[in-house]
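Data from coords39.tsv: TSV, C-alpha atoms
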chain	number	residue	atom	x	y	z
N	1	MET	CA	-99.77	36.20	-23.96
N	2	LYS	CA	-97.28	33.94	-25.73
N	3	VAL	CA	-93.84	34.03	-24.15
N	4	LEU	CA	-90.66	32.70	-25.75
N	5	ILE	CA	-87.60	32.11	-23.56
N	6	THR	CA	-84.11	30.96	-24.47
N	7	ALA	CA	-82.11	29.33	-21.69
N	8	GLY	CA	-78.90	27.48	-20.95
N	9	ALA	CA	-75.49	27.38	-22.60
N	10	THR	CA	-74.82	26.51	-26.23
N	11	ARG	CA	-71.94	24.24	-27.21
N	12	GLU	CA	-69.68	24.57	-30.24
N	13	PHE	CA	-67.78	21.43	-31.26
N	14	PHE	CA	-64.38	21.19	-32.92
N	15	ASP	CA	-64.46	17.38	-33.04
N	16	PRO	CA	-67.10	14.76	-32.08
N	17	VAL	CA	-66.13	14.75	-28.39
N	18	ARG	CA	-64.75	18.21	-27.64
N	19	TYR	CA	-66.46	21.58	-27.51
N	20	ILE	CA	-66.35	25.06	-25.99
N	21	SER	CA	-69.19	26.36	-23.85
N	22	ASN	CA	-69.81	28.38	-20.68
N	23	PRO	CA	-71.09	27.67	-17.14
N	24	SER	CA	-74.71	28.78	-17.63
N	25	THR	CA	-77.16	26.22	-16.20
N	26	GLY	CA	-80.47	27.66	-17.44
N	27	LYS	CA	-81.77	28.30	-13.93
N	28	MET	CA	-82.77	31.92	-14.64
N	29	GLY	CA	-84.52	31.01	-17.89
N	30	TYR	CA	-86.43	28.20	-16.25
N	31	ALA	CA	-87.38	30.47	-13.34
N	32	LEU	CA	-88.79	32.95	-15.86
N	33	ALA	CA	-90.71	30.14	-17.54
N	34	GLN	CA	-92.23	29.12	-14.21
N	35	ALA	CA	-93.16	32.71	-13.42
N	36	ALA	CA	-94.70	33.26	-16.85
N	37	VAL	CA	-96.77	30.06	-16.60
N	38	GLU	CA	-97.99	31.17	-13.16
N	39	ALA	CA	-99.00	34.49	-14.73
N	40	GLY	CA	-101.21	32.66	-17.23
N	41	CYS	CA	-98.93	32.89	-20.24
N	42	GLU	CA	-98.36	30.26	-22.94
N	43	VAL	CA	-94.65	29.54	-22.61
N	44	THR	CA	-92.09	27.98	-24.95
N	45	VAL	CA	-88.50	27.47	-23.78
N	46	ILE	CA	-85.65	26.84	-26.19
N	47	ALA	CA	-83.20	25.08	-23.88
N	48	ALA	CA	-79.54	24.54	-24.69
N	49	ASN	CA	-78.00	21.71	-22.68
N	50	VAL	CA	-80.08	22.28	-19.55
N	51	ALA	CA	-80.02	19.49	-16.94
N	52	LEU	CA	-83.06	20.69	-14.98
N	53	ALA	CA	-86.62	19.44	-14.66
N	54	ALA	CA	-88.78	21.05	-17.31
N	55	PRO	CA	-90.95	23.91	-16.00
N	56	ALA	CA	-94.46	22.55	-15.47
N	57	GLY	CA	-96.86	23.87	-18.09
N	58	ALA	CA	-94.15	25.05	-20.51
N	59	THR	CA	-93.15	23.56	-23.85
N	60	VAL	CA	-89.41	22.83	-23.99
N	61	VAL	CA	-87.49	22.65	-27.26
N	62	PRO	CA	-84.02	21.13	-26.66
N	63	VAL	CA	-81.05	22.34	-28.74
N	64	THR	CA	-77.28	22.01	-28.54
N	65	THR	CA	-75.45	24.54	-30.72
N	66	GLY	CA	-75.96	28.20	-31.46
N	67	ASP	CA	-77.10	27.43	-35.00
N	68	GLU	CA	-79.73	25.04	-33.64
N	69	MET	CA	-80.94	27.67	-31.18
N	70	LEU	CA	-81.09	30.26	-33.96
N	71	ALA	CA	-83.19	27.95	-36.16
N	72	ALA	CA	-85.58	27.12	-33.31
N	73	ALA	CA	-85.87	30.78	-32.33
N	74	LEU	CA	-86.60	31.93	-35.88
N	75	LYS	CA	-89.35	29.31	-36.08
N	76	ALA	CA	-91.00	30.25	-32.75
N	77	PHE	CA	-90.40	34.00	-32.67
N	78	PRO	CA	-93.12	35.13	-35.12
N	79	GLN	CA	-95.83	33.66	-32.88
N	80	CYS	CA	-94.59	35.15	-29.59
N	81	ASP	CA	-95.65	38.38	-27.89
N	82	LEU	CA	-92.77	38.55	-25.44
N	83	LEU	CA	-89.19	37.28	-25.71
N	84	PHE	CA	-86.79	36.71	-22.82
N	85	LYS	CA	-83.34	36.01	-24.29
N	86	THR	CA	-81.57	34.54	-21.25
N	87	ALA	CA	-79.43	31.87	-22.94
N	88	ALA	CA	-75.67	32.25	-22.81
N	89	VAL	CA	-74.77	31.69	-26.45
N	90	CYS	CA	-71.14	31.17	-27.41
N	91	ASP	CA	-69.86	34.23	-29.24
N	92	PHE	CA	-67.39	32.15	-31.25
N	93	LYS	CA	-67.21	28.68	-32.77
N	94	PRO	CA	-64.32	26.68	-34.25
N	95	ALA	CA	-63.65	27.59	-37.87
N	96	VAL	CA	-63.16	23.92	-38.77
N	97	TYR	CA	-65.04	20.87	-37.51
N	98	ASN	CA	-63.03	17.65	-37.52
N	99	GLU	CA	-65.05	14.54	-38.38
N	100	HIS	CA	-62.91	12.35	-36.12
N	101	LYS	CA	-61.48	12.81	-32.65
N	102	LEU	CA	-58.23	14.75	-32.68
N	103	LYS	CA	-55.46	12.62	-31.21
N	104	LYS	CA	-53.10	13.84	-28.54
N	105	ASP	CA	-49.54	13.85	-29.86
N	106	GLY	CA	-47.67	15.52	-27.02
N	107	ASN	CA	-47.80	18.92	-28.69
N	108	GLY	CA	-50.11	21.85	-28.14
N	109	MET	CA	-53.13	22.56	-30.30
N	110	THR	CA	-54.26	25.77	-31.92
N	111	VAL	CA	-57.93	26.25	-32.82
N	112	ASP	CA	-59.13	29.12	-35.01
N	113	PHE	CA	-62.52	30.59	-34.14
N	114	VAL	CA	-65.09	32.57	-36.11
N	115	PRO	CA	-68.03	34.62	-34.76
N	116	THR	CA	-71.40	32.95	-34.30
N	117	THR	CA	-74.61	34.57	-35.50
N	118	ASP	CA	-76.02	37.10	-33.04
N	119	ILE	CA	-79.40	35.53	-32.29
N	120	LEU	CA	-80.91	38.47	-30.44
N	121	LYS	CA	-79.89	41.01	-33.08
N	122	THR	CA	-81.23	38.71	-35.80
N	123	LEU	CA	-84.60	38.39	-34.07
N	124	SER	CA	-84.82	42.12	-33.40
N	125	ARG	CA	-84.60	42.77	-37.15
N	126	GLU	CA	-87.61	40.48	-37.64
N	127	ARG	CA	-89.75	41.89	-34.82
N	128	ARG	CA	-93.27	43.21	-35.12
N	129	PRO	CA	-93.87	46.63	-33.53
N	130	GLU	CA	-96.03	45.17	-30.76
N	131	GLN	CA	-93.55	42.46	-29.72
N	132	ILE	CA	-91.60	43.02	-26.50
N	133	LEU	CA	-87.93	41.98	-26.46
N	134	VAL	CA	-86.00	41.53	-23.23
N	135	GLY	CA	-82.29	40.77	-23.39
N	136	PHE	CA	-79.81	39.76	-20.72
N	137	ALA	CA	-76.34	41.22	-20.27
N	138	ALA	CA	-74.11	39.06	-18.07
N	139	GLU	CA	-70.99	41.08	-17.37
N	140	THR	CA	-67.98	40.98	-15.07
N	141	ARG	CA	-67.64	44.78	-14.80
N	142	ASP	CA	-69.39	48.04	-15.75
N	143	ILE	CA	-72.62	46.09	-16.12
N	144	GLU	CA	-74.96	49.03	-16.69
N	145	THR	CA	-72.67	50.64	-19.26
N	146	TYR	CA	-72.50	47.47	-21.34
N	147	ALA	CA	-76.20	46.73	-20.81
N	148	ALA	CA	-77.24	50.20	-22.00
N	149	LYS	CA	-75.14	49.71	-25.13
N	150	LYS	CA	-76.80	46.33	-25.77
N	151	LEU	CA	-80.25	47.84	-25.23
N	152	LYS	CA	-79.65	50.36	-28.02
N	153	GLU	CA	-77.61	48.28	-30.48
N	154	LYS	CA	-79.99	45.33	-30.45
N	155	ASN	CA	-83.21	47.38	-30.55
N	156	LEU	CA	-84.57	45.99	-27.27
N	157	ASP	CA	-87.37	47.17	-25.02
N	158	PHE	CA	-85.58	46.08	-21.84
N	159	VAL	CA	-82.26	44.62	-20.84
N	160	CYS	CA	-81.46	42.77	-17.61
N	161	ALA	CA	-77.93	43.46	-16.40
N	162	ASN	CA	-76.35	41.13	-13.90
N	163	LEU	CA	-72.87	40.66	-12.51
N	164	VAL	CA	-71.37	37.25	-13.17
N	165	GLY	CA	-68.08	35.71	-12.20
N	166	ARG	CA	-67.02	33.49	-9.35
N	167	GLY	CA	-68.28	34.58	-5.95
N	168	ASN	CA	-70.94	36.99	-7.25
N	169	VAL	CA	-74.67	36.77	-6.55
N	170	GLY	CA	-76.08	35.88	-9.94
N	171	ALA	CA	-73.01	33.97	-11.03
N	172	PHE	CA	-73.65	31.10	-13.41
N	173	GLY	CA	-75.15	28.18	-11.52
N	174	SER	CA	-76.20	30.26	-8.52
N	175	ASP	CA	-79.69	29.90	-7.06
N	176	ASP	CA	-79.85	33.65	-6.42
N	177	ASN	CA	-79.62	36.72	-8.60
N	178	THR	CA	-79.58	40.50	-8.64
N	179	ILE	CA	-80.81	42.20	-11.81
N	180	VAL	CA	-80.77	45.81	-12.94
N	181	LEU	CA	-83.59	46.26	-15.44
N	182	LEU	CA	-82.99	49.08	-17.93
N	183	GLY	CA	-85.81	50.17	-20.23
N	184	ARG	CA	-85.87	51.84	-23.61
N	185	ASP	CA	-87.97	54.53	-21.91
N	186	GLY	CA	-85.10	55.39	-19.56
N	187	SER	CA	-86.49	53.44	-16.61
N	188	ARG	CA	-84.22	51.64	-14.15
N	189	ARG	CA	-85.25	49.09	-11.53
N	190	ILE	CA	-83.33	46.66	-9.34
N	191	PHE	CA	-84.61	43.17	-8.47
N	192	GLY	CA	-82.88	41.18	-5.72
N	193	PRO	CA	-80.69	39.98	-4.29
N	194	ALA	CA	-83.13	37.11	-3.96
N	195	ASP	CA	-83.67	33.59	-5.23
N	196	LYS	CA	-84.07	33.40	-8.99
N	197	VAL	CA	-87.73	32.36	-8.88
N	198	SER	CA	-88.61	35.44	-6.79
N	199	VAL	CA	-86.60	37.68	-9.10
N	200	ALA	CA	-88.29	36.08	-12.13
N	201	ARG	CA	-91.78	36.61	-10.71
N	202	ALA	CA	-91.09	40.29	-10.04
N	203	LEU	CA	-89.52	40.72	-13.47
N	204	VAL	CA	-92.39	39.03	-15.32
N	205	ALA	CA	-94.98	41.05	-13.38
N	206	THR	CA	-93.16	44.29	-14.22
N	207	ILE	CA	-92.85	43.51	-17.93
N	208	LEU	CA	-96.47	42.36	-18.26
N	209	LYS	CA	-97.65	45.52	-16.53
N	210	LYS	CA	-95.66	47.63	-19.02
Output the structure of this file as structure tokens.
Amino acid sequence: MKVLITAGATREFFDPVRYISNPSTGKMGYALAQAAVEAGCEVTVIAANVALAAPAGATVVPVTTGDEMLAAALKAFPQCDLLFKTAAVCDFKPAVYNEHKLKKDGNGMTVDFVPTTDILKTLSRERRPEQILVGFAAETRDIETYAAKKLKEKNLDFVCANLVGRGNVGAFGSDDNTIVLLGRDGSRRIFGPADKVSVARALVATILKK
């Protein structure tokens, strides 16, 4: 079983030293990589700005921006049997990239943004019938409602819904997580609250069994 995992937080630059991003650390993606290796899978991780030790036994492909992650994913996706799309990819990027550092002049600054390419939706259009796609929906409210919508719109087999935001179990950077796994077949299972490695092991075992 060849497993492809995206992890971490992409960055989108508007000059050489400034960018927008999000607080994702890649811990859940790396936990899934560890669990998949333990289960005997061949694992590739596309990691965006992750400052963690590489999961033993997994191949790690480092990237920075959403476009770089998209290119790496399109290259690796055809060979995989199972995709876990855990990376927190910026939904928007600056419309204009400035070649030199923007100087502070005492005034405010306005930056126009444009949408980034939806990596998961792009991959789902390229999928083979036998490939299994698992998405993640990190939400601050109504997590199952938004996750169910993502499951359908992006043609997924499963979606993992988790509540993020400061103070929540499963918040970005936390060592613990609680996941609601929704399936295309109407199934619903809850994993956690527990440490992310334990949640990942249970999740991988459940998906492989399916």
Separation of atom CA of N:Glu12 from atom CA of N:Asp105 in Å: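 Between atom CA of N:Asp105 and atom CA of N:Glu12 the gap is 22.8 Å.
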Distance query N:Ala72 at most 12 Å, all atoms listed in the file, self and fewer than 3 positions along chain excluded, as JSON, numbers by chain: {"N": [4, 5, 6, 44, 45, 46, 47, 48, 60, 61, 62, 63, 64, 65, 66, 67, 68, 69, 75, 76, 77, 78, 119, 123]}
How would the residues just chosen look if you wrote them out with C-alpha atoms as a JSON list (two decimals), in the coordinates of the input?
[["chain", "number", "residue", "atom", "x", "y", "z"],
["N", 4, "LEU", "CA", -90.66, 32.70, -25.75],
["N", 5, "ILE", "CA", -87.60, 32.11, -23.56],
["N", 6, "THR", "CA", -84.11, 30.96, -24.47],
["N", 44, "THR", "CA", -92.09, 27.98, -24.95],
["N", 45, "VAL", "CA", -88.50, 27.47, -23.78],
["N", 46, "ILE", "CA", -85.65, 26.84, -26.19],
["N", 47, "ALA", "CA", -83.20, 25.08, -23.88],
["N", 48, "ALA", "CA", -79.54, 24.54, -24.69],
["N", 60, "VAL", "CA", -89.41, 22.83, -23.99],
["N", 61, "VAL", "CA", -87.49, 22.65, -27.26],
["N", 62, "PRO", "CA", -84.02, 21.13, -26.66],
["N", 63, "VAL", "CA", -81.05, 22.34, -28.74],
["N", 64, "THR", "CA", -77.28, 22.01, -28.54],
["N", 65, "THR", "CA", -75.45, 24.54, -30.72],
["N", 66, "GLY", "CA", -75.96, 28.20, -31.46],
["N", 67, "ASP", "CA", -77.10, 27.43, -35.00],
["N", 68, "GLU", "CA", -79.73, 25.04, -33.64],
["N", 69, "MET", "CA", -80.94, 27.67, -31.18],
["N", 75, "LYS", "CA", -89.35, 29.31, -36.08],
["N", 76, "ALA", "CA", -91.00, 30.25, -32.75],
["N", 77, "PHE", "CA", -90.40, 34.00, -32.67],
["N", 78, "PRO", "CA", -93.12, 35.13, -35.12],
["N", 119, "ILE", "CA", -79.40, 35.53, -32.29],
["N", 123, "LEU", "CA", -84.60, 38.39, -34.07]]
Point (-81.1, 38.6, -20.2) neighbourhood (7 Å, only C-alpha atoms) written as a ChimeraX atom specification: /N:84-86,134-137,159-161
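Around N:Val43, within 7 Å and counting all atoms listed in the file, the residues found are Lys2, Val3, Leu4, Ala33, Ala36, Val37, Ala58 and Thr59 of chain N, once anything fewer than 5 positions away on its own chain is removed.
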Minimum-distance residue to N:Lys154, chosen among N:Leu120, N:Cys90, N:Ala39, N:Leu182 (using all atoms listed in the file):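 Of N:Leu120, N:Cys90, N:Ala39, N:Leu182, the one nearest N:Lys154 is N:Leu120, counting all atoms listed in the file.
Between atom CA of N:Gln79 and atom CA of N:Leu156 the interatomic distance comes to 17.6 Å.
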Point-to-point distance from atom CA of N:Thr140 to atom CA of N:Asp176, Å rounded to tenths: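 Rounded to one decimal, the two atoms are 16.4 Å apart.
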Top pick for closest residue to N:Leu83, considering N:Leu133, N:Val111, N:Ala35, N:Ala200 and counting all atoms listed in the file: N:Leu133
Of the listed residues N:Leu203, N:Val180, N:Gln131, N:Phe158, that which approaches N:Glu144 most closely, counting all atoms listed in the file: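 Looking at the shortest contact to N:Glu144, the residue is N:Val180.
Considering the residues N:Asp81, N:Arg201, N:Phe172, N:Asn162 and counting all atoms listed in the file, N:Thr145 has its shortest atom-to-atom contact with N:Asn162.
Considering all atoms listed in the file, the residue among N:Ala147, N:Ala205, N:Cys41, N:Ala88 positioned nearest to N:Asp118 is N:Ala88.
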Which residue of N:Cys80, N:Ala7, N:Ala31, N:Leu74 approaches N:Val50 most closely, using only C-alpha atoms: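 Among the listed residues, the smallest separation from N:Val50 belongs to N:Ala7.
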6 Å contact set for N:Phe191, all atoms listed in the file, chain neighbours under 3 positions out, as a PyMOL selection string: chain N and resi 178-179+199
First collect every listed atom of stretch 111-128 of chain N; then fit an axis-aligned box around them, widen it by 6 Å on each side, and give centre and edge lengths in Å to one decimal, as AutoDock Vina command-line options.
--center_x -75.6 --center_y 34.7 --center_z -34.0 --size_x 47.3 --size_y 29.0 --size_z 19.2
Residue neighbourhood N:Ala51, 10 Å, all atoms listed in the file, exclusion window fewer than 4 positions, as a PyMOL selection string: chain N and resi 8+25-27+47
What would stretch 3-25 of chain N look like with N, CA and C atoms restored, written as a tab-separated table (two decimals), in the frame of the given file?
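The resulting selection39.tsv:
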chain	number	residue	atom	x	y	z
N	3	VAL	N	-95.18	33.66	-24.60
N	3	VAL	CA	-93.84	34.03	-24.15
N	3	VAL	C	-92.82	33.02	-24.67
N	4	LEU	N	-91.76	33.52	-25.27
N	4	LEU	CA	-90.66	32.70	-25.75
N	4	LEU	C	-89.43	33.00	-24.91
N	5	ILE	N	-88.78	31.95	-24.42
N	5	ILE	CA	-87.60	32.11	-23.56
N	5	ILE	C	-86.48	31.24	-24.10
N	6	THR	N	-85.28	31.79	-24.19
N	6	THR	CA	-84.11	30.96	-24.47
N	6	THR	C	-83.33	30.81	-23.17
N	7	ALA	N	-82.78	29.61	-22.96
N	7	ALA	CA	-82.11	29.33	-21.69
N	7	ALA	C	-80.94	28.38	-21.89
N	8	GLY	N	-80.01	28.43	-20.95
N	8	GLY	CA	-78.90	27.48	-20.95
N	8	GLY	C	-77.68	27.99	-21.68
N	9	ALA	N	-76.78	27.05	-21.98
N	9	ALA	CA	-75.49	27.38	-22.60
N	9	ALA	C	-75.32	26.56	-23.88
N	10	THR	N	-75.07	27.23	-24.99
N	10	THR	CA	-74.82	26.51	-26.23
N	10	THR	C	-73.43	25.88	-26.21
N	11	ARG	N	-73.25	24.90	-27.06
N	11	ARG	CA	-71.94	24.24	-27.21
N	11	ARG	C	-71.52	24.31	-28.67
N	12	GLU	N	-70.22	24.52	-28.88
N	12	GLU	CA	-69.68	24.57	-30.24
N	12	GLU	C	-68.53	23.56	-30.33
N	13	PHE	N	-68.70	22.57	-31.19
N	13	PHE	CA	-67.78	21.43	-31.26
N	13	PHE	C	-66.66	21.67	-32.27
N	14	PHE	N	-65.44	21.20	-31.91
N	14	PHE	CA	-64.38	21.19	-32.92
N	14	PHE	C	-63.96	19.77	-33.27
N	15	ASP	N	-64.49	18.75	-32.58
N	15	ASP	CA	-64.46	17.38	-33.04
N	15	ASP	C	-65.63	16.66	-32.36
N	16	PRO	N	-65.89	15.39	-32.61
N	16	PRO	CA	-67.10	14.76	-32.08
N	16	PRO	C	-67.20	14.72	-30.57
N	17	VAL	N	-66.09	14.90	-29.85
N	17	VAL	CA	-66.13	14.75	-28.39
N	17	VAL	C	-65.67	15.99	-27.63
N	18	ARG	N	-65.27	17.02	-28.31
N	18	ARG	CA	-64.75	18.21	-27.64
N	18	ARG	C	-65.49	19.46	-28.12
N	19	TYR	N	-65.72	20.37	-27.18
N	19	TYR	CA	-66.46	21.58	-27.51
N	19	TYR	C	-66.07	22.70	-26.55
N	20	ILE	N	-66.45	23.93	-26.92
N	20	ILE	CA	-66.35	25.06	-25.99
N	20	ILE	C	-67.77	25.42	-25.57
N	21	SER	N	-67.89	25.97	-24.37
N	21	SER	CA	-69.19	26.36	-23.85
N	21	SER	C	-68.98	27.37	-22.73
N	22	ASN	N	-69.91	27.47	-21.82
N	22	ASN	CA	-69.81	28.38	-20.68
N	22	ASN	C	-70.59	27.77	-19.52
N	23	PRO	N	-70.50	28.34	-18.32
N	23	PRO	CA	-71.09	27.67	-17.14
N	23	PRO	C	-72.58	27.90	-16.93
N	24	SER	N	-73.29	28.52	-17.85
N	24	SER	CA	-74.71	28.78	-17.63
N	24	SER	C	-75.48	27.47	-17.47
N	25	THR	N	-76.39	27.44	-16.49
N	25	THR	CA	-77.16	26.22	-16.20
N	25	THR	C	-78.60	26.30	-16.69
